[in-house]
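**Student:** My questions will all concern the structure given below.
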Amino acid sequence: MDEHIAVSGEQSALKAVLWDMDGTLVDTEPYWIAAEYAIAERFGATWSEEQAMELVGNALIDSARLVKAGMGLPHEPEEIVEMLLDGVVEQVEREIPWRPGARELLTDLFERGVPCALVTMSYARFVGPILKELPEGTFKVIVTGDMVRNGKPHPEPYLTAAAALGVAAEDTIAVEDSNTGARSAEAAGCTVLVVENHVPVAPGGRRVFRDTLEGMTYGDLAAL
């Protein structure tokens, strides 16, 4: 990782940081996969790791459509979304698996007064238990999958978050772990800090890759 760089006037163009949640702030992708397998077992269907990886970063309703097709379920996608959420919320209420360095970086940004937004394709009822573990006001804006018409990889989620913060997407950094999320943030105009987790992410013109968020500070983000 690059050495920490002191904040300077030239780096003040960073107006906000926009955070993905699943796989970036918290490592909940295994929770989603477990919920998918539980649905398959419940209805006597089959499911594979390869199919599960295709869902990473998607809008929940799109993932539900893939589950429906892949498992051959008679349920409507909206019903499958609720089944997935039931399984994941139950797990996250037992333990929140924070990603290395994510909570510390978020705390540094909060203490420096850098506005942050949470931009997740999960729904509000899943986000709640995670927000309870953070200081009030850590995220000034929260955009969830049930708040937007077009989910990731469409740019709408990130454009919505930037607009709500009153900043241009071009003046923000988005933190992502998936191709779907990186495409969304890049299309919105954000600089994308990619920390790969469960799936590889392709290079892109506005993408900067790091192995981990551990040890990163505001200065490192501003230098990007």
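Naming scheme: A, B, ... for chains in displayed order of the structure tokens; residues 1 onward per chain; ligands 1 onward as shown.
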Kindly assemble as a Markdown table a list of the segment 80-155 of chain A residues that lie within 9 Å of segment 20-31 of chain A, each paired with its nearest atom pair and their distance in Å to one decimal, using only C-alpha atoms, sorted first by chain and then by ascending residue number.
**Tutor:**
| residue | atom | partner | partner_atom | distance |
| --- | --- | --- | --- | --- |
| A:Gly87 | CA | A:Tyr31 | CA | 7.7 |
| A:Val88 | CA | A:Tyr31 | CA | 5.5 |
| A:Val89 | CA | A:Tyr31 | CA | 8.8 |
| A:Gln91 | CA | A:Tyr31 | CA | 6.7 |
| A:Val92 | CA | A:Thr28 | CA | 7.8 |
| A:Ile96 | CA | A:Val26 | CA | 7.0 |
| A:Pro97 | CA | A:Asp27 | CA | 5.4 |
| A:Trp98 | CA | A:Val26 | CA | 4.3 |
| A:Arg99 | CA | A:Val26 | CA | 5.0 |
| A:Pro100 | CA | A:Leu25 | CA | 8.5 |
| A:Gly101 | CA | A:Leu25 | CA | 8.8 |
| A:Ala102 | CA | A:Leu25 | CA | 5.5 |
| A:Arg103 | CA | A:Leu25 | CA | 7.1 |
| A:Leu106 | CA | A:Leu25 | CA | 8.9 |
| A:Ala117 | CA | A:Asp20 | CA | 8.7 |
| A:Leu118 | CA | A:Asp20 | CA | 6.1 |
| A:Val119 | CA | A:Asp20 | CA | 5.1 |
| A:Thr120 | CA | A:Asp20 | CA | 5.3 |
| A:Met121 | CA | A:Met21 | CA | 8.3 |
| A:Ser122 | CA | A:Asp22 | CA | 7.9 |
| A:Val127 | CA | A:Met21 | CA | 8.7 |
| A:Ile130 | CA | A:Val26 | CA | 8.6 |
**Student:** How close does segment 149-194 of chain A get to segment 49-65 of chain A? List, as CSV, each residue of segment 149-194 of chain A within 8 Å, its nearest atom pair and the distance in Å to one decimal, counting only C-alpha atoms.
**Tutor:**
residue,atom,partner,partner_atom,distance
A:Gly151,CA,A:Ala59,CA,5.0
A:Lys152,CA,A:Ala59,CA,5.9
A:Pro153,CA,A:Asn58,CA,7.3
A:Ser178,CA,A:Gly57,CA,5.8
A:Asn179,CA,A:Gly57,CA,7.4
A:Thr180,CA,A:Gly57,CA,5.4
A:Gly181,CA,A:Gly57,CA,5.8
**Student:** What parts of segment 38-143 of chain A does DSSP call alpha helix (DSSP H)? I'd like the answer as a PyMOL selection string.
**Tutor:** chain A and resi 38-42+49-54+60-71+77-94+102-111+124-131
**Student:** Which residues are close to Arg206 of chain A, i.e. within 7 Å by only C-alpha atoms, leaving aside same-chain residues fewer than 2 positions away? Reply as a list in words.
**Tutor:**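 Residues near the query, excluding close chain neighbours: Glu186, Thr191, Val192, Gly204 and Val208 of chain A.
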**Student:** Hey, can you spit out that residue selection with N, CA and C atoms as an mmCIF file, in the first residue's frame?
**Tutor:**
data_model
loop_
_atom_site.group_PDB
_atom_site.id
_atom_site.type_symbol
_atom_site.label_atom_id
_atom_site.label_comp_id
_atom_site.auth_asym_id
_atom_site.auth_seq_id
_atom_site.Cartn_x
_atom_site.Cartn_y
_atom_site.Cartn_z
ATOM 1 N N GLU A 186 -18.538 4.185 -11.342
ATOM 2 C CA GLU A 186 -17.761 4.741 -12.445
ATOM 3 C C GLU A 186 -18.677 5.476 -13.422
ATOM 4 N N THR A 191 -14.568 8.555 -8.613
ATOM 5 C CA THR A 191 -13.341 7.767 -8.576
ATOM 6 C C THR A 191 -13.642 6.561 -7.700
ATOM 7 N N VAL A 192 -13.278 5.368 -8.138
ATOM 8 C CA VAL A 192 -13.664 4.152 -7.433
ATOM 9 C C VAL A 192 -12.450 3.499 -6.787
ATOM 10 N N GLY A 204 -10.439 -0.435 -14.736
ATOM 11 C CA GLY A 204 -11.269 0.590 -15.360
ATOM 12 C C GLY A 204 -10.588 1.931 -15.263
ATOM 13 N N VAL A 208 -9.168 2.583 -8.861
ATOM 14 C CA VAL A 208 -7.883 2.446 -8.175
ATOM 15 C C VAL A 208 -7.994 1.233 -7.257
#
**Student:** What gap, in Å, lies between atom CA of Lys132 of chain A and atom CA of Val148 of chain A?
**Tutor:**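 Atom CA of Val148 of chain A lies 22.9 Å from atom CA of Lys132 of chain A.
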**Student:** Extract the full set of strand (DSSP E or B) residues from segment 26-179 of chain A according to DSSP on the backbone, and format it as a PyMOL selection string.
**Tutor:** chain A and resi 26+98+116-119+141-143+172-176
**Student:** Compile the contact shell of Leu84 of chain A as a ChimeraX atom specification: residues with an atom at most 8 Å away, counting only C-alpha atoms, same-chain residues fewer than 2 positions apart removed.
**Tutor:** /A:32,35-36,39,80-82,86-88
